[in-house]
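Reviewing the structure listed below.
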Amino acid sequence: MIFCKTRIKTTSPVDKVAKKLEFLDIQPGMWKCEKKAIEQHNSKVALQNKGVILSTLKTVDMSFLGKLDQEKNPVFAVFPTTTFKCSLNITLSKGKKLQSISSGLPKIIGEGYRTLKGKLMAKPGSDGWGQYLLKAEFVGLLPTETKEKITTLRKAGIPTFLVADAVWKKSKKVPNPDPFVIAVYENIAYLVDVFDASIEENYVAKEFTVDPENG
């Protein structure tokens, strides 16, 4: 009995792709061009979707963040809808005036808080100047409709934020956790939703927003 060695020919992934391209009458170099064209098309569609969504929303003037409460703290806190936490790093001069403030939030929100610069503010402790950290956490509930709007914007790659009457830690302020929701895209803020708003929040929604038709 004679045994013959049989060589089994296997097809590599590269060969498979080459065969498929040959069948489709597409050269490998052309395939790269096709792939790039598809990516550019998808990117264009994504931008168009963002444009459609944002064109229905009012824009927001974030300078309202420059308002202080009776305790000399910012009236509003801005919470990313991913963490629901807000932290403000504040530096006061010896005259208790704001020298600098940073939030780690998008530029347009930071610019809103920086309108506080030069204003008298409170600092926990006896000296009343130097650096300190203001922290707040959102613990309220969002309506289902609002959650759906946030999800739609998130899927489109547009970050959203809750803006609420702030209750900073160590503050004696009475909680009022009803927020409104904004979206930020290319350094423009958009009003997404308002619900169960306080007097302050209603004032902002009315006086600091611009309709798309009038923008």
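Ordered as shown in the structure tokens, chains take letters A, B, and onward, while each chain numbers its residues from 1 and ligands are numbered from 1 in the order shown.
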Open item on the list: Residues near segment 66-75 of chain A, anyone? I mean within 8 Å using only C-alpha atoms, not counting same-chain ones fewer than 3 positions away, as number ranges by chain.
Closed with: A: 63, 112-116, 120-122, 165-166, 171
Quick one: write out the picked residues with C-alpha atoms as a PDB file, in the first residue's frame?
```
ATOM      1  CA  SER A  63     -24.298  84.762  31.022  1.00  0.00           C
ATOM      2  CA  GLY A 112     -20.849  82.011  31.713  1.00  0.00           C
ATOM      3  CA  TYR A 113     -19.369  81.371  35.145  1.00  0.00           C
ATOM      4  CA  ARG A 114     -16.495  83.751  34.459  1.00  0.00           C
ATOM      5  CA  THR A 115     -18.961  86.646  34.291  1.00  0.00           C
ATOM      6  CA  LEU A 116     -18.802  86.376  38.103  1.00  0.00           C
ATOM      7  CA  LEU A 120     -17.971  89.631  46.036  1.00  0.00           C
ATOM      8  CA  MET A 121     -18.350  85.977  47.005  1.00  0.00           C
ATOM      9  CA  ALA A 122     -18.496  83.887  50.156  1.00  0.00           C
ATOM     10  CA  ASP A 165     -30.934  75.963  41.177  1.00  0.00           C
ATOM     11  CA  ALA A 166     -27.752  74.962  43.030  1.00  0.00           C
ATOM     12  CA  SER A 171     -24.935  75.555  51.995  1.00  0.00           C
TER      13      SER A 171
END
```
TODO: Give me, please, the distance in Å between atom CA of Leu134 of chain A and atom CA of Ile150 of chain A, quoted to one decimal.
DONE: 25.8 Å
Open item on the list: Can you pull out the residues contacting Gln99 of chain A? Cut-off 8 Å, using only C-alpha atoms, and skip same-chain residues under 2 positions away; I want them as a ChimeraX atom specification.
Closed with: /A:90-93,97,101,117-118
Open item on the list: With only C-alpha atoms as the counted atoms, please give the residues lying no more than 6 Å from segment 151-161 of chain A, apart from itself and same-chain residues fewer than 3 positions off, as a list of chain:residue names.
Closed with: A:Phe79, A:Pro80, A:Thr81, A:Glu148, A:Val181, A:Ile182, A:Ala183, A:Val184
What would the file look like if the residues just selected were written as a tab-separated table (two decimals), in the first residue's frame with N, CA and C atoms?
```
chain	number	residue	atom	x	y	z
A	79	PHE	N	-24.75	70.38	35.55
A	79	PHE	CA	-24.40	68.97	35.75
A	79	PHE	C	-24.34	68.23	34.42
A	80	PRO	N	-23.20	67.61	34.08
A	80	PRO	CA	-23.20	66.72	32.91
A	80	PRO	C	-24.21	65.59	33.14
A	81	THR	N	-24.95	65.21	32.11
A	81	THR	CA	-25.97	64.16	32.29
A	81	THR	C	-25.35	62.77	32.37
A	148	GLU	N	-35.64	60.79	27.08
A	148	GLU	CA	-35.62	60.40	25.67
A	148	GLU	C	-34.91	61.47	24.82
A	181	VAL	N	-32.74	71.48	30.80
A	181	VAL	CA	-31.68	70.74	30.12
A	181	VAL	C	-31.17	71.54	28.93
A	182	ILE	N	-29.83	71.60	28.80
A	182	ILE	CA	-29.23	72.25	27.65
A	182	ILE	C	-28.33	71.26	26.91
A	183	ALA	N	-28.09	71.54	25.64
A	183	ALA	CA	-27.11	70.79	24.85
A	183	ALA	C	-26.05	71.78	24.40
A	184	VAL	N	-24.81	71.32	24.27
A	184	VAL	CA	-23.72	72.20	23.83
A	184	VAL	C	-23.06	71.59	22.61
```
As a PDB file with N, CA and C atoms, in the first residue's frame, please: every residue in segment 82-156 of chain A that a backbone DSSP assignment puts in strand (DSSP E or B).
```
ATOM      1  N   LYS A  85     -22.887  65.568  38.560  1.00  0.00           N
ATOM      2  CA  LYS A  85     -22.094  66.221  39.603  1.00  0.00           C
ATOM      3  C   LYS A  85     -21.462  67.490  39.037  1.00  0.00           C
ATOM      4  N   CYS A  86     -21.349  68.500  39.886  1.00  0.00           N
ATOM      5  CA  CYS A  86     -20.775  69.776  39.475  1.00  0.00           C
ATOM      6  C   CYS A  86     -19.720  70.202  40.495  1.00  0.00           C
ATOM      7  N   SER A  87     -18.563  70.625  40.006  1.00  0.00           N
ATOM      8  CA  SER A  87     -17.496  71.141  40.872  1.00  0.00           C
ATOM      9  C   SER A  87     -16.960  72.440  40.285  1.00  0.00           C
ATOM     10  N   LEU A  88     -16.846  73.451  41.129  1.00  0.00           N
ATOM     11  CA  LEU A  88     -16.281  74.733  40.694  1.00  0.00           C
ATOM     12  C   LEU A  88     -15.051  75.044  41.533  1.00  0.00           C
ATOM     13  N   ASN A  89     -13.910  75.224  40.866  1.00  0.00           N
ATOM     14  CA  ASN A  89     -12.686  75.644  41.546  1.00  0.00           C
ATOM     15  C   ASN A  89     -12.637  77.170  41.540  1.00  0.00           C
ATOM     16  N   ILE A  90     -12.623  77.749  42.739  1.00  0.00           N
ATOM     17  CA  ILE A  90     -12.755  79.206  42.861  1.00  0.00           C
ATOM     18  C   ILE A  90     -11.548  79.795  43.591  1.00  0.00           C
ATOM     19  N   THR A  91     -11.071  80.933  43.091  1.00  0.00           N
ATOM     20  CA  THR A  91     -10.009  81.673  43.774  1.00  0.00           C
ATOM     21  C   THR A  91     -10.503  83.083  44.055  1.00  0.00           C
ATOM     22  N   LEU A  92     -10.454  83.477  45.343  1.00  0.00           N
ATOM     23  CA  LEU A  92     -10.883  84.824  45.739  1.00  0.00           C
ATOM     24  C   LEU A  92      -9.678  85.661  46.150  1.00  0.00           C
ATOM     25  N   LYS A  97     -13.204  89.105  46.351  1.00  0.00           N
ATOM     26  CA  LYS A  97     -13.716  89.193  44.988  1.00  0.00           C
ATOM     27  C   LYS A  97     -13.164  88.035  44.155  1.00  0.00           C
ATOM     28  N   LEU A  98     -13.986  87.569  43.234  1.00  0.00           N
ATOM     29  CA  LEU A  98     -13.592  86.425  42.418  1.00  0.00           C
ATOM     30  C   LEU A  98     -12.435  86.787  41.486  1.00  0.00           C
ATOM     31  N   GLN A  99     -11.348  86.021  41.587  1.00  0.00           N
ATOM     32  CA  GLN A  99     -10.219  86.187  40.677  1.00  0.00           C
ATOM     33  C   GLN A  99     -10.307  85.204  39.512  1.00  0.00           C
ATOM     34  N   SER A 100     -10.648  83.961  39.815  1.00  0.00           N
ATOM     35  CA  SER A 100     -10.749  82.951  38.758  1.00  0.00           C
ATOM     36  C   SER A 100     -11.735  81.869  39.171  1.00  0.00           C
ATOM     37  N   ILE A 101     -12.303  81.218  38.156  1.00  0.00           N
ATOM     38  CA  ILE A 101     -13.241  80.121  38.393  1.00  0.00           C
ATOM     39  C   ILE A 101     -13.122  79.141  37.223  1.00  0.00           C
ATOM     40  N   SER A 102     -13.042  77.860  37.535  1.00  0.00           N
ATOM     41  CA  SER A 102     -12.977  76.842  36.487  1.00  0.00           C
ATOM     42  C   SER A 102     -13.937  75.708  36.836  1.00  0.00           C
ATOM     43  N   LEU A 120     -18.195  90.087  44.667  1.00  0.00           N
ATOM     44  CA  LEU A 120     -17.971  89.631  46.036  1.00  0.00           C
ATOM     45  C   LEU A 120     -18.605  88.256  46.216  1.00  0.00           C
ATOM     46  N   GLY A 130      -8.695  83.229  49.089  1.00  0.00           N
ATOM     47  CA  GLY A 130      -7.904  82.059  48.721  1.00  0.00           C
ATOM     48  C   GLY A 130      -8.691  81.129  47.805  1.00  0.00           C
ATOM     49  N   GLN A 131      -8.256  79.886  47.736  1.00  0.00           N
ATOM     50  CA  GLN A 131      -8.883  78.907  46.856  1.00  0.00           C
ATOM     51  C   GLN A 131      -9.840  78.001  47.628  1.00  0.00           C
ATOM     52  N   TYR A 132     -10.924  77.622  46.977  1.00  0.00           N
ATOM     53  CA  TYR A 132     -11.832  76.639  47.557  1.00  0.00           C
ATOM     54  C   TYR A 132     -12.639  75.961  46.460  1.00  0.00           C
ATOM     55  N   LEU A 133     -13.310  74.900  46.821  1.00  0.00           N
ATOM     56  CA  LEU A 133     -14.060  74.090  45.864  1.00  0.00           C
ATOM     57  C   LEU A 133     -15.529  74.061  46.250  1.00  0.00           C
ATOM     58  N   LEU A 134     -16.387  74.417  45.286  1.00  0.00           N
ATOM     59  CA  LEU A 134     -17.837  74.305  45.482  1.00  0.00           C
ATOM     60  C   LEU A 134     -18.312  73.026  44.800  1.00  0.00           C
ATOM     61  N   LYS A 135     -19.081  72.203  45.516  1.00  0.00           N
ATOM     62  CA  LYS A 135     -19.563  70.943  44.936  1.00  0.00           C
ATOM     63  C   LYS A 135     -21.076  70.837  45.095  1.00  0.00           C
ATOM     64  N   ALA A 136     -21.702  70.257  44.082  1.00  0.00           N
ATOM     65  CA  ALA A 136     -23.142  69.988  44.143  1.00  0.00           C
ATOM     66  C   ALA A 136     -23.419  68.696  43.385  1.00  0.00           C
ATOM     67  N   GLU A 137     -24.492  68.032  43.759  1.00  0.00           N
ATOM     68  CA  GLU A 137     -24.881  66.792  43.085  1.00  0.00           C
ATOM     69  C   GLU A 137     -26.383  66.816  42.819  1.00  0.00           C
TER      70      GLU A 137
END
```
Task: Pick from A:Ala164, A:Phe180, A:Val210, A:Asp61 nearest to Phe76 of chain A, counting only C-alpha atoms - done: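 Closest candidate: A:Ala164.
Note that the spacing between atom CA of Ser103 of chain A and atom CA of Thr146 of chain A amounts to 24.3 Å.
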